Amino acid sequence: MHNLLVNEYIEDRDGNGDYQLSFHEWAPVPDQDQSRTHQIWEMEMKARFKDIDTNEDGELSHPELENFLFTADEDAAADEEALHLLHETDDDGDGLISHHEMMRHLRLYVGSQVLQHGKLFHIDRDEL
C-alpha cells in the first residue's frame, strides 16, 4: 500500500517525468513572493528537503520519500503542515494568521492534520 501511495505522491508532483522530485517539484515556490512568511517557509522547506535527501543528490527518490512519508516522526509532519498552512494563508505576509485570513482559507484548515482533520471547526447544528 505504501508503494502505491508514494507512486501517487510522485506522479502528482513530478513535472519532468524522471520519477524523482527536485526541491521545486516537492515544494513549489512562487518566485514573486518575498514576504517574511514566505522566506521562513522556504528556509524550513529547504532544510526539510536536505534531511529527506539522504543520498544528497538533490532529488527525492521513491525510497527517500517512502521513508519520509511513513516513518517521519509526528512532530516533524505537524511542523511541516503548520508551515504549509502559514505559507498558504498568511495573505499579508506578517508571519501571523488572523481570524479573517483563516476564515478566507477555511478549506485548507478543515482538512488539516494540524487541526485534527477539522475537529476544531466542529459546529453543533440543530436537526430539523
# chains A, B, ... in the order shown; residues from 1 in each chain; ligands from 1
$ select_by_dssp --residues "stretch 6-118 of chain A" --states "helix (DSSP H, G or I)" --output "PyMOL selection string"
chain A and resi 6-13+23-26+36-52+62-71+74-89+99-104+106-110
$ residues_around --residues "stretch 2-11 of chain A" --least-positions-apart "3" --cutoff "7 Å" --atoms "only C-alpha atoms" --output "NGL selection string"
:A and (14 or 19-21 or 62 or 65-66)
$ write_last_selection --atoms "all heavy atoms" --output "PDB file, in the first residue's frame"
ATOM      1  N   ASP A  14       5.755  15.302 -10.046  1.00  0.00           N
ATOM      2  CA  ASP A  14       6.891  15.122 -10.951  1.00  0.00           C
ATOM      3  C   ASP A  14       6.663  15.832 -12.279  1.00  0.00           C
ATOM      4  O   ASP A  14       6.053  15.301 -13.195  1.00  0.00           O
ATOM      5  CB  ASP A  14       7.123  13.627 -11.175  1.00  0.00           C
ATOM      6  CG  ASP A  14       8.369  13.341 -11.983  1.00  0.00           C
ATOM      7  OD1 ASP A  14       9.223  14.241 -12.109  1.00  0.00           O
ATOM      8  OD2 ASP A  14       8.485  12.207 -12.482  1.00  0.00           O
ATOM      9  N   TYR A  19      10.650  10.627 -12.394  1.00  0.00           N
ATOM     10  CA  TYR A  19      10.227   9.809 -11.251  1.00  0.00           C
ATOM     11  C   TYR A  19      11.031  10.099  -9.990  1.00  0.00           C
ATOM     12  O   TYR A  19      11.182   9.263  -9.117  1.00  0.00           O
ATOM     13  CB  TYR A  19      10.266   8.315 -11.602  1.00  0.00           C
ATOM     14  CG  TYR A  19       9.302   7.513 -10.765  1.00  0.00           C
ATOM     15  CD1 TYR A  19       7.937   7.711 -10.885  1.00  0.00           C
ATOM     16  CD2 TYR A  19       9.754   6.588  -9.847  1.00  0.00           C
ATOM     17  CE1 TYR A  19       7.047   7.002 -10.084  1.00  0.00           C
ATOM     18  CE2 TYR A  19       8.880   5.864  -9.054  1.00  0.00           C
ATOM     19  CZ  TYR A  19       7.519   6.087  -9.180  1.00  0.00           C
ATOM     20  OH  TYR A  19       6.642   5.382  -8.401  1.00  0.00           O
ATOM     21  N   GLN A  20      11.554  11.309  -9.908  1.00  0.00           N
ATOM     22  CA  GLN A  20      12.196  11.832  -8.713  1.00  0.00           C
ATOM     23  C   GLN A  20      11.717  13.260  -8.550  1.00  0.00           C
ATOM     24  O   GLN A  20      11.272  13.877  -9.513  1.00  0.00           O
ATOM     25  CB  GLN A  20      13.718  11.820  -8.851  1.00  0.00           C
ATOM     26  CG  GLN A  20      14.305  10.430  -8.987  1.00  0.00           C
ATOM     27  CD  GLN A  20      15.808  10.475  -8.889  1.00  0.00           C
ATOM     28  OE1 GLN A  20      16.350  10.654  -7.794  1.00  0.00           O
ATOM     29  NE2 GLN A  20      16.466  10.330 -10.012  1.00  0.00           N
ATOM     30  N   LEU A  21      11.820  13.792  -7.357  1.00  0.00           N
ATOM     31  CA  LEU A  21      11.334  15.148  -7.120  1.00  0.00           C
ATOM     32  C   LEU A  21      12.480  16.085  -6.752  1.00  0.00           C
ATOM     33  O   LEU A  21      13.217  15.833  -5.800  1.00  0.00           O
ATOM     34  CB  LEU A  21      10.297  15.164  -6.002  1.00  0.00           C
ATOM     35  CG  LEU A  21       9.050  14.311  -6.214  1.00  0.00           C
ATOM     36  CD1 LEU A  21       8.099  14.460  -5.034  1.00  0.00           C
ATOM     37  CD2 LEU A  21       8.358  14.674  -7.508  1.00  0.00           C
ATOM     38  N   HIS A  62      12.057   7.458  -4.731  1.00  0.00           N
ATOM     39  CA  HIS A  62      10.958   6.689  -4.151  1.00  0.00           C
ATOM     40  C   HIS A  62      11.304   6.208  -2.737  1.00  0.00           C
ATOM     41  O   HIS A  62      10.519   6.442  -1.806  1.00  0.00           O
ATOM     42  CB  HIS A  62      10.610   5.517  -5.072  1.00  0.00           C
ATOM     43  CG  HIS A  62       9.364   4.799  -4.686  1.00  0.00           C
ATOM     44  ND1 HIS A  62       9.302   3.931  -3.621  1.00  0.00           N
ATOM     45  CD2 HIS A  62       8.115   4.829  -5.219  1.00  0.00           C
ATOM     46  CE1 HIS A  62       8.077   3.435  -3.517  1.00  0.00           C
ATOM     47  NE2 HIS A  62       7.339   3.968  -4.467  1.00  0.00           N
ATOM     48  N   LEU A  65      11.358   9.155  -0.269  1.00  0.00           N
ATOM     49  CA  LEU A  65      10.014   9.653   0.004  1.00  0.00           C
ATOM     50  C   LEU A  65       9.214   8.679   0.850  1.00  0.00           C
ATOM     51  O   LEU A  65       8.480   9.089   1.747  1.00  0.00           O
ATOM     52  CB  LEU A  65       9.280   9.952  -1.304  1.00  0.00           C
ATOM     53  CG  LEU A  65       9.763  11.212  -2.010  1.00  0.00           C
ATOM     54  CD1 LEU A  65       9.270  11.251  -3.445  1.00  0.00           C
ATOM     55  CD2 LEU A  65       9.306  12.447  -1.261  1.00  0.00           C
ATOM     56  N   GLU A  66       9.363   7.396   0.588  1.00  0.00           N
ATOM     57  CA  GLU A  66       8.654   6.403   1.406  1.00  0.00           C
ATOM     58  C   GLU A  66       9.112   6.492   2.861  1.00  0.00           C
ATOM     59  O   GLU A  66       8.290   6.479   3.785  1.00  0.00           O
ATOM     60  CB  GLU A  66       8.890   4.996   0.863  1.00  0.00           C
ATOM     61  CG  GLU A  66       8.100   3.943   1.599  1.00  0.00           C
ATOM     62  CD  GLU A  66       8.177   2.586   0.937  1.00  0.00           C
ATOM     63  OE1 GLU A  66       9.032   2.364   0.061  1.00  0.00           O
ATOM     64  OE2 GLU A  66       7.371   1.734   1.325  1.00  0.00           O
TER      65      GLU A  66
END
$ closest_residue --among "A:Ala27, A:Leu96, A:Ile40, A:Met103" --to "A:Leu60" --atoms "only C-alpha atoms"
A:Ala27
$ closest_residue --among "A:Gly58, A:Thr71, A:Pro28, A:Tyr109" --to "A:Thr89" --atoms "only C-alpha atoms"
A:Tyr109
$ residues_around --residues "A:Met45" --least-positions-apart "5" --cutoff "10 Å" --atoms "only C-alpha atoms" --output "list in words"
Phe23, Trp26, Ala27, Val29, Gln39, Ile40, Lys50, Asp51, Glu80, Leu83 and His84 of chain A
$ write_last_selection --atoms "N, CA and C atoms" --output "compact mmCIF listing (two decimals), in the first residue's frame"
# COMPACT_ATOMS: atom_id res chain seq x y z
N PHE A 23 13.65 19.96 -5.50
CA PHE A 23 13.08 20.80 -4.46
C PHE A 23 11.85 21.54 -4.97
N TRP A 26 8.90 19.26 -5.29
CA TRP A 26 8.43 18.82 -3.97
C TRP A 26 7.72 19.95 -3.24
N ALA A 27 8.27 21.15 -3.32
CA ALA A 27 7.70 22.31 -2.61
C ALA A 27 7.70 23.51 -3.56
N VAL A 29 7.63 26.89 -5.14
CA VAL A 29 7.82 28.19 -4.51
C VAL A 29 7.55 29.29 -5.53
N GLN A 39 9.75 33.65 3.24
CA GLN A 39 11.17 33.40 3.48
C GLN A 39 11.38 32.35 4.56
N ILE A 40 10.59 32.43 5.62
CA ILE A 40 10.68 31.43 6.70
C ILE A 40 10.27 30.06 6.17
N LYS A 50 16.65 18.76 2.55
CA LYS A 50 18.00 18.27 2.77
C LYS A 50 18.00 17.05 3.69
N ASP A 51 17.15 17.05 4.71
CA ASP A 51 17.04 15.92 5.62
C ASP A 51 16.49 14.67 4.92
N GLU A 80 5.71 20.57 9.52
CA GLU A 80 5.66 20.82 8.09
C GLU A 80 4.28 21.32 7.66
N LEU A 83 3.74 24.91 8.80
CA LEU A 83 4.43 25.85 7.90
C LEU A 83 3.68 26.01 6.58
N HIS A 84 3.16 24.90 6.08
CA HIS A 84 2.37 24.95 4.84
C HIS A 84 1.14 25.84 5.02
$ atom_distance --atom1 "atom CA of A:His105" --atom2 "atom CA of A:Glu42"
20.2 Å
$ atom_distance --atom1 "atom CA of A:Asp92" --atom2 "atom CA of A:Phe49"
26.1 Å
$ atom_distance --atom1 "atom CA of A:Glu59" --atom2 "atom CA of A:Glu25"
9.5 Å
$ closest_residue --among "A:Ser61, A:His99, A:Arg48, A:Asp90" --to "A:Asp18" --atoms "only C-alpha atoms"
A:Ser61
$ residues_around --residues "A:Met102" --least-positions-apart "4" --cutoff "10 Å" --atoms "only C-alpha atoms" --output "list in words"
Leu85, Leu86, Thr89, Asp90, Asp91, Ile97, Ser98, Leu106, Arg107, Leu108 and Tyr109 of chain A
